[in-house]
file entry.txt (compact mmCIF, C-alpha atoms and all ligand atoms)
# COMPACT_ATOMS: atom_id res chain seq x y z
CA MET A 1 -20.87 -4.14 -11.42
CA ILE A 2 -20.28 -6.72 -8.68
CA ASP A 3 -22.70 -7.95 -6.06
CA GLY A 4 -21.22 -8.35 -2.62
CA LYS A 5 -18.27 -7.07 -0.66
CA VAL A 6 -14.74 -6.34 -1.84
CA VAL A 7 -11.45 -6.27 0.09
CA LEU A 8 -8.47 -4.38 -1.35
CA LEU A 9 -4.96 -5.23 -0.14
CA THR A 10 -2.86 -2.14 -0.71
CA GLY A 11 0.22 -0.11 0.06
CA GLY A 12 0.39 3.65 -0.29
CA VAL A 13 1.30 5.59 -3.41
CA GLY A 14 1.16 2.60 -5.82
CA GLY A 15 -2.18 1.37 -4.55
CA ALA A 16 -3.94 4.68 -3.96
CA LYS A 17 -4.99 5.08 -7.58
CA LEU A 18 -6.78 1.74 -7.69
CA ALA A 19 -8.18 2.48 -4.23
CA ARG A 20 -9.75 5.64 -5.63
CA GLY A 21 -11.05 3.74 -8.65
CA LEU A 22 -12.71 1.10 -6.48
CA ALA A 23 -14.13 3.74 -4.16
CA ALA A 24 -15.64 5.45 -7.20
CA VAL A 25 -17.38 2.38 -8.63
CA LEU A 26 -18.48 0.62 -5.41
CA ALA A 27 -20.86 1.67 -2.66
CA PRO A 28 -18.90 2.63 0.47
CA GLU A 29 -20.34 -0.28 2.48
CA GLN A 30 -19.08 -2.74 -0.16
CA LEU A 31 -15.39 -1.87 0.20
CA THR A 32 -12.73 -2.45 2.87
CA MET A 33 -9.10 -1.52 2.32
CA VAL A 34 -6.52 -3.52 4.27
CA VAL A 35 -3.38 -1.42 4.33
CA ASN A 36 0.33 -2.16 4.77
CA THR A 37 1.78 -0.85 8.03
CA GLY A 38 5.28 -2.30 7.56
CA ASP A 39 6.41 1.21 6.51
CA ASP A 40 5.25 2.67 9.86
CA PHE A 41 7.92 4.04 12.14
CA THR A 42 8.57 6.39 15.04
CA HIS A 43 10.24 9.61 14.01
CA LEU A 44 10.93 12.58 16.32
CA GLY A 45 8.76 10.76 18.85
CA LEU A 46 5.83 10.66 16.43
CA ARG A 47 4.20 7.52 15.10
CA ILE A 48 4.01 7.80 11.30
CA SER A 49 1.80 5.51 9.12
CA PRO A 50 2.69 6.60 5.57
CA ASP A 51 0.57 4.17 3.58
CA ILE A 52 -2.56 4.69 5.66
CA ASP A 53 -2.10 8.45 5.51
CA THR A 54 -1.63 8.37 1.74
CA LEU A 55 -5.02 6.65 1.48
CA LEU A 56 -6.64 9.06 3.96
CA TYR A 57 -5.43 12.02 1.91
CA SER A 58 -6.17 10.43 -1.48
CA LEU A 59 -9.72 9.39 -0.64
CA SER A 60 -10.56 12.71 1.00
CA GLY A 61 -9.23 14.73 -1.94
CA LEU A 62 -6.50 16.30 0.20
CA SER A 63 -3.49 14.56 -1.35
CA ASP A 64 -0.65 16.11 -3.30
CA GLU A 65 -1.10 14.17 -6.53
CA GLU A 66 2.24 15.17 -7.99
CA ARG A 67 4.31 14.12 -4.96
CA GLY A 68 2.14 11.07 -4.20
CA TRP A 69 2.31 11.50 -0.41
CA GLY A 70 1.32 14.25 2.02
CA ARG A 71 -1.21 17.05 1.53
CA ALA A 72 -1.67 19.44 -1.36
CA GLY A 73 -0.94 23.11 -0.66
CA GLU A 74 1.25 22.13 2.28
CA SER A 75 3.53 24.62 4.08
CA TRP A 76 6.89 23.65 5.60
CA ASN A 77 7.53 26.09 8.47
CA PHE A 78 8.03 23.26 10.97
CA MET A 79 10.74 21.65 8.82
CA ALA A 80 12.53 24.99 8.32
CA ALA A 81 12.50 25.71 12.06
CA LEU A 82 13.57 22.15 12.86
CA ARG A 83 16.50 22.41 10.45
CA GLN A 84 17.52 25.71 12.05
CA ILE A 85 17.96 24.03 15.43
CA GLY A 86 19.75 20.98 14.05
CA GLY A 87 16.83 18.51 13.98
CA ALA A 88 16.61 15.53 11.61
CA ASP A 89 15.39 16.85 8.26
CA TRP A 90 15.69 13.76 6.06
CA PHE A 91 11.99 12.95 6.44
CA GLN A 92 9.70 15.80 5.45
CA LEU A 93 6.72 16.54 7.67
CA GLY A 94 4.45 19.29 6.39
CA ASP A 95 2.78 21.66 8.83
CA ALA A 96 -0.75 20.36 8.25
CA ASP A 97 0.36 16.73 7.91
CA LEU A 98 1.97 17.05 11.34
CA ALA A 99 -1.49 17.22 12.92
CA LEU A 100 -2.20 13.63 11.88
CA HIS A 101 1.04 12.31 13.40
CA VAL A 102 0.72 14.28 16.64
CA GLU A 103 -2.90 13.25 17.18
CA ARG A 104 -2.27 9.59 16.24
CA THR A 105 0.71 9.38 18.61
CA HIS A 106 -1.27 11.01 21.42
CA ARG A 107 -4.24 8.68 20.99
CA LEU A 108 -2.12 5.52 20.64
CA ALA A 109 -1.46 5.78 24.39
CA GLY A 110 -4.96 4.40 24.97
CA GLU A 111 -6.45 3.30 21.63
CA ARG A 112 -5.78 0.82 18.86
CA LEU A 113 -4.42 2.15 15.55
CA SER A 114 -7.43 0.74 13.68
CA ALA A 115 -9.89 2.64 15.89
CA ILE A 116 -7.95 5.89 15.46
CA ILE A 117 -7.79 5.49 11.66
CA ALA A 118 -11.52 4.72 11.46
CA ASP A 119 -12.17 7.95 13.34
CA PHE A 120 -9.78 10.01 11.19
CA ALA A 121 -11.40 8.59 8.03
CA ALA A 122 -14.90 9.46 9.23
CA ARG A 123 -13.82 12.99 10.15
CA LEU A 124 -12.23 13.45 6.72
CA GLY A 125 -15.53 12.40 5.11
CA ILE A 126 -14.33 8.99 3.89
CA ALA A 127 -17.12 6.41 3.95
CA THR A 128 -14.98 3.46 2.79
CA ARG A 129 -13.38 1.40 5.58
CA ILE A 130 -9.58 1.83 5.83
CA VAL A 131 -8.09 -0.84 8.10
CA PRO A 132 -4.41 -1.33 9.03
CA MET A 133 -3.24 -4.90 8.42
CA SER A 134 -2.53 -5.17 12.14
CA ASP A 135 -2.71 -3.11 15.31
CA ASP A 136 0.56 -4.74 16.36
CA PRO A 137 3.83 -3.17 15.18
CA VAL A 138 5.46 -4.76 12.11
CA ALA A 139 8.63 -3.16 10.72
CA THR A 140 9.90 -3.79 7.20
CA MET A 141 13.69 -4.22 7.29
CA VAL A 142 15.72 -4.15 4.11
CA LEU A 143 19.01 -6.06 3.87
CA THR A 144 21.26 -4.21 1.44
CA ASP A 145 24.91 -4.12 0.39
CA GLU A 146 25.25 -1.37 3.05
CA GLY A 147 23.78 -3.61 5.78
CA GLU A 148 20.27 -3.84 7.14
CA LEU A 149 18.23 -0.63 7.01
CA PRO A 150 14.82 0.18 8.50
CA PHE A 151 12.39 0.79 5.63
CA GLN A 152 12.20 4.61 5.70
CA ARG A 153 16.00 4.90 6.04
CA TYR A 154 16.30 2.80 2.89
CA PHE A 155 13.39 4.36 1.00
CA VAL A 156 13.56 8.04 1.90
CA ALA A 157 16.99 8.78 3.44
CA ARG A 158 18.91 6.57 0.96
CA ARG A 159 16.39 6.93 -1.91
CA CYS A 160 16.45 3.13 -2.51
CA GLU A 161 20.04 3.48 -3.77
CA PRO A 162 21.64 0.61 -1.77
CA ARG A 163 21.40 -2.73 -3.55
CA LEU A 164 18.59 -4.77 -2.04
CA GLN A 165 19.38 -8.35 -1.07
CA SER A 166 16.36 -9.42 0.96
CA VAL A 167 13.46 -8.09 3.02
CA ARG A 168 12.09 -9.18 6.37
CA PHE A 169 9.11 -8.06 8.39
CA ALA A 170 10.14 -7.74 12.04
CA GLY A 171 7.29 -8.56 14.38
CA ALA A 172 5.07 -10.09 11.70
CA ASP A 173 5.17 -13.60 13.19
CA ALA A 174 3.54 -12.35 16.39
CA ALA A 175 1.23 -9.80 14.75
CA ARG A 176 -2.49 -10.43 14.79
CA PRO A 177 -4.67 -9.17 11.96
CA ALA A 178 -6.64 -6.05 12.82
CA PRO A 179 -10.17 -7.14 13.78
CA GLY A 180 -11.71 -5.13 10.94
CA ALA A 181 -9.50 -6.91 8.40
CA LEU A 182 -10.53 -10.35 9.64
CA ALA A 183 -14.19 -9.34 9.76
CA ALA A 184 -14.08 -8.09 6.15
CA LEU A 185 -12.43 -11.32 4.96
CA ALA A 186 -14.92 -13.46 6.88
CA ASP A 187 -17.97 -11.61 5.52
CA PRO A 188 -20.28 -14.18 3.89
CA ASP A 189 -21.01 -11.64 1.14
CA LEU A 190 -17.32 -11.34 0.17
CA ALA A 191 -17.15 -11.44 -3.64
CA ALA A 192 -13.60 -10.35 -4.46
CA ILE A 193 -10.19 -9.71 -2.94
CA ILE A 194 -8.13 -7.32 -5.06
CA VAL A 195 -4.35 -6.93 -4.72
CA ALA A 196 -3.40 -3.37 -5.67
CA PRO A 197 -0.54 -2.64 -8.10
CA SER A 198 1.65 -1.75 -5.10
CA ASN A 199 5.23 -2.98 -4.73
CA PRO A 200 4.81 -6.74 -4.07
CA TYR A 201 8.06 -7.10 -2.12
CA LEU A 202 7.75 -3.99 0.08
CA SER A 203 4.02 -3.23 0.30
CA ILE A 204 1.97 -6.40 -0.23
CA ASP A 205 4.30 -9.03 1.25
CA PRO A 206 4.13 -7.44 4.74
CA ILE A 207 0.34 -7.88 4.64
CA LEU A 208 0.71 -11.52 3.56
CA ALA A 209 3.31 -12.00 6.34
CA VAL A 210 0.71 -11.45 9.07
CA PRO A 211 -0.06 -15.13 9.73
CA GLY A 212 -3.80 -14.90 10.37
CA LEU A 213 -4.31 -12.71 7.31
CA ALA A 214 -2.67 -15.02 4.81
CA ALA A 215 -4.84 -17.85 6.15
CA ALA A 216 -8.00 -15.73 6.06
CA LEU A 217 -7.47 -14.95 2.35
CA ARG A 218 -7.72 -18.57 1.30
CA GLY A 219 -10.87 -19.95 -0.23
CA ARG A 220 -13.11 -17.00 0.61
CA ALA A 221 -13.45 -15.26 -2.76
CA PRO A 222 -11.37 -14.95 -5.92
CA VAL A 223 -8.13 -13.05 -5.33
CA VAL A 224 -7.20 -10.85 -8.29
CA ALA A 225 -3.96 -8.83 -8.61
CA VAL A 226 -3.33 -5.87 -10.90
CA THR A 227 0.18 -5.83 -12.37
CA PRO A 228 2.53 -3.21 -10.90
CA VAL A 229 4.93 -3.57 -13.87
CA PRO A 230 2.85 -2.99 -17.01
CA GLY A 231 4.93 -3.75 -20.07
CA GLY A 232 7.89 -4.54 -17.78
CA GLU A 233 8.17 -1.07 -16.26
CA ALA A 234 7.25 0.19 -12.81
CA VAL A 235 4.87 3.15 -13.03
CA LYS A 236 6.54 4.94 -10.13
CA GLY A 237 8.96 3.87 -7.41
CA PRO A 238 11.63 1.21 -7.09
CA THR A 239 9.77 -2.00 -8.04
CA ALA A 240 11.72 -2.58 -11.28
CA LYS A 241 15.07 -1.77 -9.65
CA ILE A 242 14.37 -4.15 -6.77
CA MET A 243 13.31 -6.94 -9.11
CA ARG A 244 16.57 -6.60 -11.05
CA GLU A 245 18.58 -6.64 -7.81
CA LEU A 246 16.79 -9.81 -6.74
CA GLY A 247 17.79 -11.37 -10.06
CA LEU A 248 14.21 -11.44 -11.32
CA GLY A 249 12.91 -10.60 -14.78
CA VAL A 250 10.98 -7.31 -14.71
CA GLU A 251 7.73 -8.57 -16.17
CA THR A 252 4.16 -9.30 -15.13
CA ALA A 253 4.84 -13.06 -15.32
CA THR A 254 7.34 -12.68 -12.43
CA ILE A 255 4.67 -10.95 -10.35
CA ALA A 256 2.16 -13.72 -11.12
CA GLN A 257 4.79 -16.28 -10.09
CA HIS A 258 5.52 -14.35 -6.89
CA TYR A 259 1.83 -14.39 -5.91
CA ARG A 260 1.42 -18.08 -6.77
CA GLY A 261 -0.83 -19.80 -4.25
CA VAL A 262 -2.30 -16.42 -3.25
CA ILE A 263 -4.02 -15.12 -6.38
CA ASP A 264 -6.57 -16.76 -8.66
CA GLY A 265 -6.33 -14.17 -11.41
CA ILE A 266 -4.36 -11.20 -12.66
CA VAL A 267 -5.10 -8.07 -14.66
CA ILE A 268 -2.19 -7.74 -17.06
CA ASP A 269 -1.41 -4.75 -19.24
CA ASP A 270 -2.16 -4.67 -22.96
CA LYS A 271 1.63 -4.48 -23.44
CA ASP A 272 2.19 -7.76 -21.51
CA ASP A 273 2.39 -11.22 -23.03
CA ALA A 274 -0.24 -13.56 -21.50
CA ALA A 275 1.60 -16.60 -22.87
CA THR A 276 4.42 -16.21 -20.31
CA LEU A 277 2.08 -16.40 -17.27
CA PRO A 278 1.97 -19.48 -15.03
CA PRO A 279 -0.84 -21.85 -16.12
CA GLY A 280 -4.16 -21.99 -14.30
CA LEU A 281 -4.55 -18.27 -13.61
CA GLY A 282 -7.55 -16.24 -14.71
CA VAL A 283 -6.28 -13.44 -16.94
CA THR A 284 -7.68 -10.28 -18.41
CA SER A 285 -5.86 -7.49 -20.20
CA SER A 286 -6.32 -3.73 -20.04
CA ASP A 287 -4.44 -0.46 -20.29
CA THR A 288 -3.48 -0.44 -16.59
CA LEU A 289 -1.89 3.04 -16.46
CA MET A 290 -4.14 5.22 -14.29
CA ARG A 291 -3.72 8.86 -15.24
CA SER A 292 -7.33 10.05 -14.88
CA ALA A 293 -10.45 9.28 -12.86
CA GLY A 294 -11.79 7.46 -15.93
CA ASP A 295 -8.66 5.24 -16.05
CA ARG A 296 -8.93 4.46 -12.33
CA ALA A 297 -12.58 3.44 -12.63
CA ARG A 298 -11.84 1.35 -15.74
CA VAL A 299 -9.00 -0.63 -14.09
CA ALA A 300 -11.15 -1.11 -10.96
CA THR A 301 -14.05 -2.38 -13.06
CA THR A 302 -11.75 -4.69 -15.03
CA ALA A 303 -10.38 -6.28 -11.84
CA LEU A 304 -13.88 -6.71 -10.40
CA ALA A 305 -15.16 -8.23 -13.63
CA LEU A 306 -12.33 -10.79 -13.60
CA ALA A 307 -13.14 -11.69 -9.99
CA ALA A 308 -16.84 -12.06 -10.88
CA ARG A 309 -15.91 -14.34 -13.80
CA LEU A 310 -13.69 -16.49 -11.55
CA ARG A 311 -16.43 -16.76 -8.94
CA ARG A 312 -18.78 -18.47 -11.34
N1 LIG A 401 8.59 10.14 1.02
C1 LIG A 401 9.75 10.71 0.61
O1 LIG A 401 10.30 10.29 -0.41
N2 LIG A 401 10.33 11.73 1.33
C2 LIG A 401 9.76 12.23 2.45
O2 LIG A 401 10.31 13.13 3.08
C3 LIG A 401 8.51 11.65 2.89
C4 LIG A 401 7.83 12.13 3.99
C5 LIG A 401 6.57 11.59 4.33
C6 LIG A 401 5.84 12.11 5.40
C7 LIG A 401 4.61 11.59 5.73
C8 LIG A 401 4.09 10.53 4.98
O3 LIG A 401 2.88 10.02 5.29
C9 LIG A 401 4.79 10.00 3.91
C10 LIG A 401 6.05 10.52 3.57
N3 LIG A 401 6.77 10.02 2.49
C11 LIG A 401 7.96 10.58 2.12
C12 LIG A 401 6.28 8.91 1.70
C13 LIG A 401 6.50 7.54 2.29
O4 LIG A 401 7.44 7.45 3.29
C14 LIG A 401 6.76 6.44 1.24
O5 LIG A 401 6.34 6.80 -0.03
C15 LIG A 401 6.01 5.22 1.62
O6 LIG A 401 6.34 4.72 2.86
C16 LIG A 401 6.14 4.11 0.57
O7 LIG A 401 4.88 3.59 0.35
call {"tool": "encode", "arguments": {"input": "entry.txt", "output": "structure tokens"}}
result
Amino acid sequence: MIDGKVVLLTGGVGGAKLARGLAAVLAPEQLTMVVNTGDDFTHLGLRISPDIDTLLYSLSGLSDEERGWGRAGESWNFMAALRQIGGADWFQLGDADLALHVERTHRLAGERLSAIIADFAARLGIATRIVPMSDDPVATMVLTDEGELPFQRYFVARRCEPRLQSVRFAGADAARPAPGALAALADPDLAAIIVAPSNPYLSIDPILAVPGLAAALRGRAPVVAVTPVPGGEAVKGPTAKIMRELGLGVETATIAQHYRGVIDGIVIDDKDDAATLPPGLGVTSSDTLMRSAGDRARVATTALALAARLRR
């Protein structure tokens, strides 16, 4: 496999499959996941961290695989009762999921998000480190033809229907990387940094927007991305729609161009054309669709093998 430590940069639903693949093929102490928190927001007084929670549920086997977020076998009594008394019902909070948000919000009065998540992960039996990109608040804001919308208003309430014009990450300039993220990137044994096939514009860019993190990525170990648009199609979610709205070609070459200066290599899909990629990148090709545990492990191994090759 690969000797040394691995850092995964990831969002939620799109990245969770590769996260599971890496967790399956690496020893827990080899892997740190640095997770987007630009989607985090305060709702009904509760602090919600969707991408972190998606990883917590995915890696502990509690996730609803069909929906992609939240817990399997969830009940919705809270939402029904909330609706009855006129509460905001555009964002679904399952009864069991609610425990995570209530406890996180309660503990945030005196603790850092990264410490709380480390504790949740340990209690859910997850040995891999899950680290928020920052303990400081960063809020993804989407400028659309309907005006500027906070991320969850755009993504969930408006189902990504407004035409996207640009994205900004409020608070990112002043955000410091979470200590665990910096420590993982400064580890002398670091062998690979993998960029998950999450939405580049909404899930990975917020991580890269945290100033100290972007700097800490450079020159440490090969950075390898996995395409989120195999064969020019997004597997799930709005990546393809957003790319079209930004006037970009929906293809892996556009993603490689977007990550220029950040990545050293890219795992493209067998359906992609390597000839269209920017020169100078390490490239390997695979079937990148991850339907099964075997697929997830294969894509993880492919990305790690490319990083190992680029390290030599
Ligand atoms: N996504 C939805 O499309 N609708 C929801 O009602 C919703 C609720 C929700 C609650 C907790 C949580 O952790 C995630 C939730 N998500 C929901 C998913 C999430 O908001 C997005 O998929 C991510 O932010 C994008 O990565």
call {"tool": "residues_near_point", "arguments": {"input": "entry.txt", "point": "(-3.2, 9.9, -1.6)", "cutoff": "12 Å", "atoms": "only C-alpha atoms", "output": "PyMOL selection string"}}
result
chain A and resi 11-20+50-72
call {"tool": "residues_around", "arguments": {"input": "entry.txt", "residues": "region 276-291 of chain A", "least_positions_apart": "2", "cutoff": "10 Å", "atoms": "all atoms listed in the file", "output": "VMD selection string"}}
result
chain A and resid 17 to 18 21 197 222 to 231 235 251 to 257 260 263 to 274 293 to 300 302 to 303 305 to 307 309 to 310
call {"tool": "residues_around", "arguments": {"input": "entry.txt", "residues": "Ser49 (chain A)", "least_positions_apart": "2", "cutoff": "10 Å", "atoms": "all atoms listed in the file", "output": "CSV table (one decimal) with C-alpha atoms, keeping the file's coordinate frame"}}
result
chain,number,residue,atom,x,y,z
A,12,GLY,CA,0.4,3.6,-0.3
A,35,VAL,CA,-3.4,-1.4,4.3
A,36,ASN,CA,0.3,-2.2,4.8
A,37,THR,CA,1.8,-0.8,8.0
A,38,GLY,CA,5.3,-2.3,7.6
A,39,ASP,CA,6.4,1.2,6.5
A,40,ASP,CA,5.2,2.7,9.9
A,41,PHE,CA,7.9,4.0,12.1
A,42,THR,CA,8.6,6.4,15.0
A,46,LEU,CA,5.8,10.7,16.4
A,47,ARG,CA,4.2,7.5,15.1
A,51,ASP,CA,0.6,4.2,3.6
A,52,ILE,CA,-2.6,4.7,5.7
A,53,ASP,CA,-2.1,8.4,5.5
A,54,THR,CA,-1.6,8.4,1.7
A,100,LEU,CA,-2.2,13.6,11.9
A,101,HIS,CA,1.0,12.3,13.4
A,104,ARG,CA,-2.3,9.6,16.2
A,113,LEU,CA,-4.4,2.2,15.6
A,117,ILE,CA,-7.8,5.5,11.7
A,132,PRO,CA,-4.4,-1.3,9.0
call {"tool": "closest_residue", "arguments": {"input": "entry.txt", "among": "A:Val195, A:Ala186, A:Val156, A:Leu143", "to": "Tyr259 (chain A)", "atoms": "all atoms listed in the file"}}
result
A:Val195
call {"tool": "atom_distance", "arguments": {"input": "entry.txt", "atom1": "CA of Phe151 (chain A)", "atom2": "CA of Pro137 (chain A)"}}
result
13.4 Å
call {"tool": "closest_residue", "arguments": {"input": "entry.txt", "among": "A:Ser134, A:Ser166, A:Gln84, A:Thr140", "to": "ligand LIG 401 (chain A)", "atoms": "all atoms listed in the file"}}
result
A:Thr140
call {"tool": "atom_distance", "arguments": {"input": "entry.txt", "atom1": "CA of Ile85 (chain A)", "atom2": "CA of Glu103 (chain A)"}}
result
23.5 Å
call {"tool": "atom_distance", "arguments": {"input": "entry.txt", "atom1": "atom C15 of ligand LIG 401 (chain A)", "atom2": "CA of Ile193 (chain A)"}}
result
22.5 Å
call {"tool": "residues_around", "arguments": {"input": "entry.txt", "residues": "Gly212 (chain A)", "least_positions_apart": "3", "cutoff": "8 Å", "atoms": "only C-alpha atoms", "output": "PyMOL selection string"}}
result
chain A and resi 176-177+215-216
call {"tool": "closest_residue", "arguments": {"input": "entry.txt", "among": "A:Leu208, A:Leu202, A:Asp135, A:Asp119", "to": "Pro150 (chain A)", "atoms": "only C-alpha atoms"}}
result
A:Leu202
call {"tool": "closest_residue", "arguments": {"input": "entry.txt", "among": "A:Leu185, A:Ala191, A:Val34, A:Leu93", "to": "ligand LIG 401 (chain A)", "atoms": "all atoms listed in the file"}}
result
A:Leu93
call {"tool": "closest_residue", "arguments": {"input": "entry.txt", "among": "A:Ala127, A:Pro238, A:Ala80, A:Gly86", "to": "Ser198 (chain A)", "atoms": "all atoms listed in the file"}}
result
A:Pro238
call {"tool": "residues_near_point", "arguments": {"input": "entry.txt", "point": "(20.5, 0.2, 6.9)", "cutoff": "12 Å", "atoms": "all atoms listed in the file", "output": "PyMOL selection string"}}
result
chain A and resi 140-165+167
call {"tool": "decode", "arguments": {"input": "entry.txt", "residues": "region 265-280 of chain A", "atoms": "N, CA, C and O atoms", "output": "PDB file, in the first residue's frame"}}
result
ATOM      1  N   GLY A 265      -1.256  15.613  -9.092  1.00  0.00           N
ATOM      2  CA  GLY A 265      -1.754  14.516  -9.911  1.00  0.00           C
ATOM      3  C   GLY A 265      -3.258  14.393  -9.784  1.00  0.00           C
ATOM      4  O   GLY A 265      -3.876  14.978  -8.885  1.00  0.00           O
ATOM      5  N   ILE A 266      -3.842  13.640 -10.719  1.00  0.00           N
ATOM      6  CA  ILE A 266      -5.298  13.470 -10.693  1.00  0.00           C
ATOM      7  C   ILE A 266      -5.672  12.065 -11.145  1.00  0.00           C
ATOM      8  O   ILE A 266      -5.072  11.521 -12.076  1.00  0.00           O
ATOM      9  N   VAL A 267      -6.644  11.483 -10.445  1.00  0.00           N
ATOM     10  CA  VAL A 267      -7.222  10.212 -10.875  1.00  0.00           C
ATOM     11  C   VAL A 267      -8.407  10.558 -11.762  1.00  0.00           C
ATOM     12  O   VAL A 267      -9.391  11.131 -11.298  1.00  0.00           O
ATOM     13  N   ILE A 268      -8.272  10.264 -13.044  1.00  0.00           N
ATOM     14  CA  ILE A 268      -9.364  10.519 -13.980  1.00  0.00           C
ATOM     15  C   ILE A 268     -10.165   9.236 -14.153  1.00  0.00           C
ATOM     16  O   ILE A 268      -9.739   8.157 -13.729  1.00  0.00           O
ATOM     17  N   ASP A 269     -11.329   9.363 -14.767  1.00  0.00           N
ATOM     18  CA  ASP A 269     -12.153   8.189 -15.011  1.00  0.00           C
ATOM     19  C   ASP A 269     -11.778   7.557 -16.354  1.00  0.00           C
ATOM     20  O   ASP A 269     -11.275   8.245 -17.254  1.00  0.00           O
ATOM     21  N   ASP A 270     -12.033   6.266 -16.467  1.00  0.00           N
ATOM     22  CA  ASP A 270     -11.744   5.572 -17.729  1.00  0.00           C
ATOM     23  C   ASP A 270     -12.467   6.238 -18.911  1.00  0.00           C
ATOM     24  O   ASP A 270     -12.026   6.128 -20.049  1.00  0.00           O
ATOM     25  N   LYS A 271     -13.582   6.929 -18.610  1.00  0.00           N
ATOM     26  CA  LYS A 271     -14.347   7.589 -19.686  1.00  0.00           C
ATOM     27  C   LYS A 271     -13.753   8.952 -20.073  1.00  0.00           C
ATOM     28  O   LYS A 271     -14.180   9.567 -21.044  1.00  0.00           O
ATOM     29  N   ASP A 272     -12.789   9.452 -19.261  1.00  0.00           N
ATOM     30  CA  ASP A 272     -12.198  10.772 -19.536  1.00  0.00           C
ATOM     31  C   ASP A 272     -11.059  10.670 -20.545  1.00  0.00           C
ATOM     32  O   ASP A 272     -10.442   9.618 -20.693  1.00  0.00           O
ATOM     33  N   ASP A 273     -10.774  11.825 -21.157  1.00  0.00           N
ATOM     34  CA  ASP A 273      -9.697  11.887 -22.146  1.00  0.00           C
ATOM     35  C   ASP A 273      -8.471  12.569 -21.514  1.00  0.00           C
ATOM     36  O   ASP A 273      -8.499  13.774 -21.256  1.00  0.00           O
ATOM     37  N   ALA A 274      -7.414  11.803 -21.284  1.00  0.00           N
ATOM     38  CA  ALA A 274      -6.209  12.340 -20.621  1.00  0.00           C
ATOM     39  C   ALA A 274      -5.546  13.425 -21.461  1.00  0.00           C
ATOM     40  O   ALA A 274      -4.868  14.310 -20.918  1.00  0.00           O
ATOM     41  N   ALA A 275      -5.774  13.396 -22.763  1.00  0.00           N
ATOM     42  CA  ALA A 275      -5.086  14.344 -23.657  1.00  0.00           C
ATOM     43  C   ALA A 275      -5.514  15.785 -23.412  1.00  0.00           C
ATOM     44  O   ALA A 275      -4.787  16.714 -23.757  1.00  0.00           O
ATOM     45  N   THR A 276      -6.695  15.993 -22.811  1.00  0.00           N
ATOM     46  CA  THR A 276      -7.195  17.363 -22.608  1.00  0.00           C
ATOM     47  C   THR A 276      -6.695  17.974 -21.291  1.00  0.00           C
ATOM     48  O   THR A 276      -6.983  19.134 -21.002  1.00  0.00           O
ATOM     49  N   LEU A 277      -5.961  17.212 -20.485  1.00  0.00           N
ATOM     50  CA  LEU A 277      -5.522  17.704 -19.169  1.00  0.00           C
ATOM     51  C   LEU A 277      -4.371  18.694 -19.317  1.00  0.00           C
ATOM     52  O   LEU A 277      -3.597  18.600 -20.270  1.00  0.00           O
ATOM     53  N   PRO A 278      -4.242  19.622 -18.350  1.00  0.00           N
ATOM     54  CA  PRO A 278      -3.093  20.536 -18.399  1.00  0.00           C
ATOM     55  C   PRO A 278      -1.790  19.727 -18.322  1.00  0.00           C
ATOM     56  O   PRO A 278      -1.759  18.695 -17.637  1.00  0.00           O
ATOM     57  N   PRO A 279      -0.725  20.169 -18.989  1.00  0.00           N
ATOM     58  CA  PRO A 279       0.526  19.409 -18.971  1.00  0.00           C
ATOM     59  C   PRO A 279       1.178  19.426 -17.576  1.00  0.00           C
ATOM     60  O   PRO A 279       0.904  20.312 -16.772  1.00  0.00           O
ATOM     61  N   GLY A 280       2.001  18.428 -17.328  1.00  0.00           N
ATOM     62  CA  GLY A 280       2.792  18.421 -16.100  1.00  0.00           C
ATOM     63  C   GLY A 280       2.130  17.740 -14.916  1.00  0.00           C
ATOM     64  O   GLY A 280       2.723  17.656 -13.842  1.00  0.00           O
TER      65      GLY A 280
END
